[in-house]
$ cat input.txt   # compact mmCIF, C-alpha atoms
# COMPACT_ATOMS: atom_id res chain seq x y z
CA MET A 1 -75.09 -9.90 -162.62
CA GLU A 2 -74.77 -6.25 -161.65
CA ALA A 3 -71.22 -4.87 -161.42
CA LEU A 4 -69.59 -3.92 -158.13
CA PHE A 5 -66.22 -2.23 -157.65
CA VAL A 6 -64.37 -2.92 -154.39
CA ILE A 7 -61.62 -0.31 -154.30
CA LYS A 8 -58.77 -0.16 -151.79
CA ILE A 9 -56.69 2.98 -151.37
CA GLY A 10 -53.23 2.63 -149.85
CA GLY A 11 -51.56 4.38 -146.95
CA ASN A 12 -49.15 6.54 -148.96
CA ILE A 13 -52.08 8.24 -150.69
CA ILE A 14 -53.84 8.70 -147.33
CA ASP A 15 -50.74 10.56 -146.06
CA ASN A 16 -50.82 13.02 -148.98
CA THR A 17 -53.81 15.38 -148.72
CA GLU A 18 -53.60 16.58 -152.31
CA ALA A 19 -53.29 13.06 -153.74
CA LEU A 20 -56.13 11.81 -151.54
CA ASN A 21 -58.47 14.64 -152.59
CA THR A 22 -57.70 13.98 -156.27
CA PHE A 23 -58.42 10.26 -155.76
CA LEU A 24 -61.71 10.94 -153.93
CA ALA A 25 -62.84 13.33 -156.67
CA ASP A 26 -62.32 10.49 -159.17
CA PHE A 27 -63.90 7.91 -156.86
CA ALA A 28 -67.07 10.04 -156.62
CA LEU A 29 -67.37 9.83 -160.43
CA VAL A 30 -67.23 6.02 -160.63
CA LYS A 31 -70.49 4.76 -162.12
CA GLY A 32 -72.36 1.96 -160.39
CA LYS A 33 -72.07 0.31 -157.01
CA CYS A 34 -68.81 0.83 -155.08
CA ILE A 35 -67.15 0.02 -151.78
CA LEU A 36 -64.05 1.88 -150.60
CA VAL A 37 -61.57 0.34 -148.17
CA HIS A 38 -58.83 2.61 -146.86
CA GLY A 39 -55.54 2.01 -145.10
CA GLY A 40 -54.31 4.02 -142.16
CA GLY A 41 -51.15 5.62 -143.42
CA LYS A 42 -48.65 7.08 -140.99
CA ILE A 43 -51.12 9.33 -139.17
CA ALA A 44 -51.59 6.89 -136.28
CA THR A 45 -47.84 6.78 -135.73
CA LYS A 46 -47.62 10.59 -135.70
CA ILE A 47 -50.50 10.96 -133.25
CA GLY A 48 -49.14 8.13 -131.10
CA ASP A 49 -45.80 9.97 -130.93
CA LYS A 50 -47.58 13.14 -129.76
CA LEU A 51 -49.32 11.12 -127.04
CA GLY A 52 -46.06 9.49 -125.98
CA ILE A 53 -47.12 6.06 -127.31
CA GLU A 54 -44.23 4.40 -129.09
CA SER A 55 -44.96 2.43 -132.26
CA LYS A 56 -43.44 -1.05 -132.12
CA TYR A 57 -42.73 -3.22 -135.16
CA ILE A 58 -41.36 -6.71 -135.76
CA ASN A 59 -40.26 -7.56 -139.30
CA GLY A 60 -42.04 -4.40 -140.47
CA ARG A 61 -45.41 -5.38 -138.94
CA ARG A 62 -47.02 -3.25 -136.25
CA ILE A 63 -47.50 -4.62 -132.75
CA THR A 64 -50.99 -3.50 -131.68
CA ASP A 65 -50.78 -3.42 -127.87
CA ASN A 66 -53.45 -2.02 -125.52
CA GLU A 67 -52.44 1.61 -126.04
CA THR A 68 -51.93 1.24 -129.79
CA ILE A 69 -55.38 -0.26 -130.45
CA ASP A 70 -56.91 2.83 -128.85
CA VAL A 71 -54.85 5.08 -131.12
CA VAL A 72 -55.59 3.19 -134.35
CA THR A 73 -59.30 2.99 -133.49
CA MET A 74 -59.41 6.77 -132.99
CA VAL A 75 -57.35 7.52 -136.08
CA TYR A 76 -58.50 4.89 -138.59
CA GLY A 77 -62.14 4.62 -137.55
CA GLY A 78 -62.50 8.28 -136.59
CA LEU A 79 -60.17 10.89 -138.05
CA VAL A 80 -59.24 9.24 -141.36
CA ASN A 81 -62.57 7.54 -142.05
CA LYS A 82 -64.77 10.53 -141.27
CA LYS A 83 -62.58 12.96 -143.22
CA ILE A 84 -62.91 10.69 -146.26
CA VAL A 85 -66.67 10.38 -145.78
CA ALA A 86 -67.09 14.17 -145.38
CA GLN A 87 -65.02 14.80 -148.51
CA LEU A 88 -67.09 12.29 -150.51
CA GLN A 89 -70.32 13.87 -149.26
CA SER A 90 -69.07 17.25 -150.52
CA LEU A 91 -68.68 15.55 -153.92
CA HIS A 92 -72.31 14.29 -153.83
CA CYS A 93 -71.27 10.71 -153.15
CA ASN A 94 -73.53 9.25 -150.43
CA ALA A 95 -70.76 7.63 -148.38
CA ILE A 96 -71.25 5.94 -145.03
CA GLY A 97 -68.23 5.30 -142.79
CA LEU A 98 -67.88 1.85 -141.25
CA THR A 99 -65.59 -0.52 -139.42
CA GLY A 100 -65.98 -4.28 -139.55
CA ALA A 101 -67.80 -4.08 -136.20
CA ASP A 102 -70.65 -2.01 -137.66
CA ALA A 103 -73.64 -4.23 -138.47
CA ASN A 104 -71.29 -7.14 -137.62
CA ILE A 105 -70.18 -7.10 -141.25
CA ILE A 106 -66.59 -8.32 -140.67
CA PRO A 107 -66.11 -10.57 -137.62
CA ALA A 108 -62.56 -11.69 -136.92
CA THR A 109 -60.43 -13.53 -134.38
CA LYS A 110 -57.45 -12.20 -132.47
CA ARG A 111 -54.31 -13.49 -134.15
CA PRO A 112 -52.61 -16.29 -132.16
CA LEU A 113 -48.91 -16.30 -131.30
CA ILE A 114 -46.77 -16.68 -134.41
CA THR A 115 -43.26 -18.13 -134.60
CA LEU A 116 -40.99 -15.85 -136.62
CA SER A 117 -37.33 -15.88 -137.57
CA ILE A 118 -35.78 -12.77 -136.04
CA GLY A 119 -32.10 -12.51 -136.78
CA ASP A 120 -30.55 -15.89 -136.08
CA GLU A 121 -33.27 -17.11 -133.74
CA LYS A 122 -36.91 -18.15 -133.85
CA ARG A 123 -39.27 -16.37 -131.47
CA GLU A 124 -42.96 -16.57 -130.62
CA VAL A 125 -44.48 -13.16 -131.32
CA ASP A 126 -47.74 -11.75 -130.01
CA PHE A 127 -48.96 -9.07 -132.45
CA GLY A 128 -51.59 -7.97 -129.93
CA TRP A 129 -55.01 -6.77 -131.04
CA VAL A 130 -54.61 -7.82 -134.67
CA GLY A 131 -57.52 -9.49 -136.44
CA ASP A 132 -57.69 -12.44 -138.81
CA ILE A 133 -60.99 -12.28 -140.68
CA LYS A 134 -63.54 -15.09 -140.35
CA THR A 135 -64.05 -15.23 -144.09
CA ASP A 136 -66.95 -17.68 -143.83
CA LYS A 137 -68.79 -15.47 -141.31
CA LEU A 138 -68.98 -12.14 -143.14
CA ASN A 139 -72.46 -10.63 -142.93
CA VAL A 140 -72.56 -9.60 -146.55
CA GLN A 141 -76.35 -9.30 -146.59
CA ASN A 142 -75.92 -6.22 -144.38
CA ALA A 143 -73.33 -4.77 -146.78
CA LYS A 144 -75.62 -5.63 -149.73
CA HIS A 145 -78.51 -3.87 -148.01
CA LEU A 146 -76.44 -0.67 -147.77
CA LEU A 147 -75.36 -0.94 -151.42
CA ASP A 148 -78.90 -1.62 -152.63
CA SER A 149 -80.13 1.36 -150.58
CA GLY A 150 -77.82 3.69 -152.50
CA PHE A 151 -75.05 4.05 -149.89
CA VAL A 152 -71.34 3.86 -150.64
CA PRO A 153 -69.70 1.98 -147.72
CA VAL A 154 -66.27 3.28 -146.69
CA PHE A 155 -64.45 0.75 -144.49
CA ALA A 156 -61.65 1.58 -142.06
CA PRO A 157 -59.05 -1.19 -141.50
CA LEU A 158 -60.67 -2.38 -138.27
CA THR A 159 -62.70 -5.50 -137.43
CA HIS A 160 -63.99 -7.00 -134.15
CA ASP A 161 -63.90 -10.29 -132.26
CA GLY A 162 -67.52 -10.46 -131.05
CA LEU A 163 -66.28 -10.11 -127.46
CA GLY A 164 -66.14 -6.33 -127.40
CA HIS A 165 -62.64 -5.85 -128.80
CA ILE A 166 -61.72 -3.86 -131.90
CA LEU A 167 -58.97 -5.52 -133.99
CA ASN A 168 -56.43 -3.86 -136.27
CA THR A 169 -56.75 -5.62 -139.64
CA ASN A 170 -54.89 -5.40 -142.94
CA ALA A 171 -56.87 -3.25 -145.40
CA ASP A 172 -55.83 -5.32 -148.44
CA THR A 173 -57.26 -8.41 -146.73
CA ILE A 174 -60.49 -6.62 -145.82
CA ALA A 175 -60.93 -5.55 -149.46
CA SER A 176 -60.22 -9.06 -150.74
CA SER A 177 -62.58 -10.69 -148.20
CA LEU A 178 -65.44 -8.30 -149.05
CA ALA A 179 -64.89 -8.81 -152.77
CA VAL A 180 -65.00 -12.59 -152.42
CA ALA A 181 -68.10 -12.62 -150.22
CA LEU A 182 -70.01 -10.17 -152.43
CA SER A 183 -69.13 -12.06 -155.64
CA ALA A 184 -72.11 -14.28 -154.80
CA PHE A 185 -74.36 -11.31 -155.64
CA TYR A 186 -72.36 -9.09 -158.01
CA GLU A 187 -69.80 -9.26 -160.79
CA VAL A 188 -66.90 -7.90 -158.72
CA ARG A 189 -63.78 -6.11 -159.84
CA LEU A 190 -61.32 -5.62 -156.98
CA ILE A 191 -59.00 -2.65 -157.52
CA TYR A 192 -55.92 -1.97 -155.40
CA CYS A 193 -54.85 1.67 -155.80
CA PHE A 194 -51.50 2.94 -154.62
CA GLU A 195 -48.64 5.24 -155.70
CA LYS A 196 -47.13 2.95 -158.38
CA LYS A 197 -48.41 2.23 -161.90
CA GLY A 198 -48.95 -1.42 -160.97
CA VAL A 199 -46.71 -4.45 -160.51
CA LEU A 200 -43.22 -3.50 -161.69
CA GLU A 201 -40.38 -5.82 -162.67
CA ASN A 202 -38.03 -3.15 -161.34
CA VAL A 203 -39.51 -1.14 -158.46
CA GLU A 204 -37.26 1.81 -159.38
CA ASP A 205 -38.48 1.88 -163.01
CA GLU A 206 -42.07 2.97 -163.64
CA ASN A 207 -41.70 1.83 -167.26
CA SER A 208 -41.20 -1.82 -166.20
CA LEU A 209 -44.95 -2.35 -165.69
CA ILE A 210 -46.23 -5.91 -166.07
CA LYS A 211 -49.64 -5.58 -167.75
CA LYS A 212 -51.03 -9.05 -167.00
CA ILE A 213 -50.17 -11.79 -164.50
CA ASN A 214 -51.63 -15.27 -164.23
CA HIS A 215 -50.50 -18.08 -161.90
CA GLU A 216 -47.79 -19.29 -164.30
CA LYS A 217 -46.38 -15.80 -164.87
CA TYR A 218 -46.37 -15.15 -161.12
CA LYS A 219 -44.39 -18.32 -160.42
CA GLN A 220 -41.90 -17.34 -163.11
CA LEU A 221 -41.45 -13.83 -161.64
CA ILE A 222 -40.96 -15.29 -158.15
CA ASP A 223 -38.40 -17.83 -159.40
CA GLU A 224 -36.50 -15.04 -161.20
CA LYS A 225 -36.69 -12.82 -158.06
CA LYS A 226 -38.04 -9.93 -160.15
CA LEU A 227 -40.71 -8.70 -157.72
CA PHE A 228 -40.30 -6.28 -154.83
CA GLU A 229 -41.23 -8.04 -151.58
CA GLY A 230 -43.77 -5.38 -150.61
CA ILE A 231 -45.99 -6.20 -153.60
CA LEU A 232 -46.18 -9.95 -152.90
CA PRO A 233 -48.99 -9.81 -150.28
CA LYS A 234 -51.12 -7.77 -152.72
CA ILE A 235 -50.65 -10.35 -155.47
CA ASP A 236 -51.31 -13.22 -153.07
CA ASN A 237 -54.54 -11.52 -151.96
CA ALA A 238 -55.44 -10.97 -155.61
CA PHE A 239 -55.06 -14.63 -156.55
CA SER A 240 -56.95 -15.73 -153.43
CA ALA A 241 -59.82 -13.49 -154.55
CA ILE A 242 -59.73 -14.75 -158.15
CA ASP A 243 -59.68 -18.38 -157.03
CA ALA A 244 -62.69 -17.70 -154.78
CA GLY A 245 -64.95 -16.16 -157.42
CA VAL A 246 -63.93 -12.52 -157.96
CA LYS A 247 -64.01 -11.80 -161.68
CA GLN A 248 -60.96 -9.53 -161.94
CA VAL A 249 -58.33 -7.89 -159.76
CA LEU A 250 -56.43 -4.83 -160.89
CA ILE A 251 -53.40 -3.27 -159.19
CA GLY A 252 -52.68 0.28 -160.35
CA HIS A 253 -51.96 3.93 -159.65
CA ALA A 254 -54.57 5.94 -157.76
CA ASP A 255 -54.56 8.50 -160.62
CA ASP A 256 -55.77 5.79 -163.03
CA LEU A 257 -58.87 4.83 -161.03
CA LEU A 258 -61.49 6.01 -163.53
CA ARG A 259 -59.78 4.29 -166.44
CA ASN A 260 -59.49 1.14 -164.32
CA THR A 261 -63.26 0.99 -163.84
CA THR A 262 -63.63 0.63 -167.63
CA ASP A 263 -62.27 -1.85 -170.16
CA ASN A 264 -59.40 0.57 -170.99
CA ASN A 265 -57.19 -0.59 -168.13
CA GLU A 266 -53.95 0.83 -166.90
CA GLY A 267 -51.96 -1.04 -164.28
CA THR A 268 -51.63 -4.80 -163.82
CA LEU A 269 -54.55 -7.16 -164.38
CA ILE A 270 -54.49 -10.34 -162.30
CA TYR A 271 -56.43 -13.16 -163.96
$ encode --input "input.txt" --output "C-alpha cells"
Amino acid sequence: MEALFVIKIGGNIIDNTEALNTFLADFALVKGKCILVHGGGKIATKIGDKLGIESKYINGRRITDNETIDVVTMVYGGLVNKKIVAQLQSLHCNAIGLTGADANIIPATKRPLITLSIGDEKREVDFGWVGDIKTDKLNVQNAKHLLDSGFVPVFAPLTHDGLGHILNTNADTIASSLAVALSAFYEVRLIYCFEKKGVLENVEDENSLIKKINHEKYKQLIDEKKLFEGILPKIDNAFSAIDAGVKQVLIGHADDLLRNTTDNNEGTLIY
C-alpha cells in the first residue's frame, strides 16, 4: 500500500505567524501523499470581538450560535485556510483549500443537546452549530481523487449537515476520521502537531516525554493521574484511529514534522 500522511496542526501554531510559516516550509518538503487539517486558533475570537460578537464557552467548549458560525466560517474556511494554501503554493506545494462541505467529503449532524455537570448542577446544553461527523458516510473517493491527481488537500475545521448548514467541528476529530476512512486505500500515519514535544508525564517539564503508549500504558497513566486533561482527547482520537485501521499515530512538536514522517521519530508514538 502507498503511504499517506494525515497531518493536523494545532491552534497555538496557527496563532503564531513565524511558527506557522516554519511548519508550512517543512510540510511542503514532506515526500509522498499528504493531507493537512488545521485548527482555528484564537483568530475567530479576536475578529468576533472586533465585530461585537461575544465568544461563549461552557466547560471550555465554544458555543457556536448563529452569529458565531458566520464568524468561524469566514475565519476558518476563508482567512486561515486561504492564507495557508497561498503560503504552501509559494513553496511549490499544490495545495487546495477545503471544508467538509466541499465535494461532500465530510458530512456531519448537528450535535444534539448534551447534559453536562456545571458547578453543582446538571444542565442540558445546546452547543449550537457544532458537527458530529458521520464517520460511515465520508466520501473518501473524492478525497482520493484529489490526492491521486497530485493535489494536497488542506481542510478547515468545518463540516456540513446536508441541509445547507455549515458546522463547526473539532479538527482533531476531522483528522482522525479522514485517516480512518483513507486507511482502506493507503498505509496511513496520522500526525498531531502542536507546541509540545509530545505526551508529557508532567506538562511543565518538556523532558518528561513518553515515547510510546499502548492501551495498557494509557490505562496506567490515567490511573496514576499523570496526564494533563487537555491531551486526553488527542490520545482518545489516536486510539480510535488505531483500532479502526490506521497504522500509526504520532503526537509531537510542529518543529519535528519532517523527522516524524520518517522512521526516526520524535514525539509520542501511539500503537
$ closest_atom_pairs --input "input.txt" --of "segment 18-68 of chain A" --to "segment 148-170 of chain A" --cutoff "6 Å" --atoms "only C-alpha atoms" --output "JSON lines"
{"residue": "A:Cys34", "atom": "CA", "partner": "A:Val152", "partner_atom": "CA", "distance": 5.9}
{"residue": "A:Ile35", "atom": "CA", "partner": "A:Pro153", "partner_atom": "CA", "distance": 5.2}
{"residue": "A:Leu36", "atom": "CA", "partner": "A:Val154", "partner_atom": "CA", "distance": 4.7}
{"residue": "A:Val37", "atom": "CA", "partner": "A:Phe155", "partner_atom": "CA", "distance": 4.7}
{"residue": "A:His38", "atom": "CA", "partner": "A:Ala156", "partner_atom": "CA", "distance": 5.7}
{"residue": "A:Gly39", "atom": "CA", "partner": "A:Pro157", "partner_atom": "CA", "distance": 6.0}
$ closest_residue --input "input.txt" --among "A:Asp132, A:Asp263, A:Asp65, A:Glu195" --to "Asp15 of chain A" --atoms "only C-alpha atoms"
A:Glu195
$ closest_residue --input "input.txt" --among "A:Lys219, A:Lys42, A:Lys134, A:Lys110" --to "Ala181 of chain A" --atoms "only C-alpha atoms"
A:Lys134
$ closest_residue --input "input.txt" --among "A:Gln220, A:Ser208, A:Thr17, A:Asn260" --to "Ile84 of chain A" --atoms "all atoms listed in the file"
A:Thr17
$ closest_residue --input "input.txt" --among "A:Asn237, A:Thr262, A:Asn139, A:Asn21" --to "Gly100 of chain A" --atoms "all atoms listed in the file"
A:Asn139
$ residues_near_point --input "input.txt" --point "(-66.8, 1.1, -158.6)" --cutoff "10 Å" --atoms "all atoms listed in the file" --output "ChimeraX atom specification"
/A:3-7,27-36,152,188-191,257-258,260-262
$ atom_distance --input "input.txt" --atom1 "atom CA of Asp126 of chain A" --atom2 "atom CA of Asn104 of chain A"
25.2 Å
$ atom_distance --input "input.txt" --atom1 "atom CA of Asp255 of chain A" --atom2 "atom CA of Thr22 of chain A"
7.7 Å
$ atom_distance --input "input.txt" --atom1 "atom CA of Val75 of chain A" --atom2 "atom CA of Asn59 of chain A"
23.0 Å
$ closest_residue --input "input.txt" --among "A:Phe194, A:Phe185, A:Tyr218, A:Phe127" --to "Ile13 of chain A" --atoms "all atoms listed in the file"
A:Phe194
$ closest_residue --input "input.txt" --among "A:Asn142, A:Ser177, A:Thr268, A:Asn214" --to "Asp256 of chain A" --atoms "all atoms listed in the file"
A:Thr268
$ residues_around --input "input.txt" --residues "Leu232 of chain A" --least-positions-apart "4" --cutoff "10 Å" --atoms "only C-alpha atoms" --output "JSON list (two decimals) with C-alpha atoms, keeping the file's coordinate frame"
[["chain", "number", "residue", "atom", "x", "y", "z"],
["A", 199, "VAL", "CA", -46.71, -4.45, -160.51],
["A", 218, "TYR", "CA", -46.37, -15.15, -161.12],
["A", 222, "ILE", "CA", -40.96, -15.29, -158.15],
["A", 227, "LEU", "CA", -40.71, -8.70, -157.72],
["A", 228, "PHE", "CA", -40.30, -6.28, -154.83],
["A", 236, "ASP", "CA", -51.31, -13.22, -153.07],
["A", 237, "ASN", "CA", -54.54, -11.52, -151.96],
["A", 238, "ALA", "CA", -55.44, -10.97, -155.61]]
$ axis_aligned_box --input "input.txt" --around "segment 157-173 of chain A" --padding-each-side "6 Å" --output "JSON"
{"center_x": -61.2, "center_y": -5.8, "center_z": -137.9, "size_x": 24.6, "size_y": 21.3, "size_z": 33.0}
$ residues_around --input "input.txt" --residues "segment 119-124 of chain A" --least-positions-apart "6" --cutoff "12 Å" --atoms "all atoms listed in the file" --output "PyMOL selection string"
chain A and resi 58-59+112-113
$ residues_around --input "input.txt" --residues "Ile69 of chain A" --least-positions-apart "2" --cutoff "9 Å" --atoms "only C-alpha atoms" --output "ChimeraX atom specification"
/A:64-67,71-74,128-130,166-168
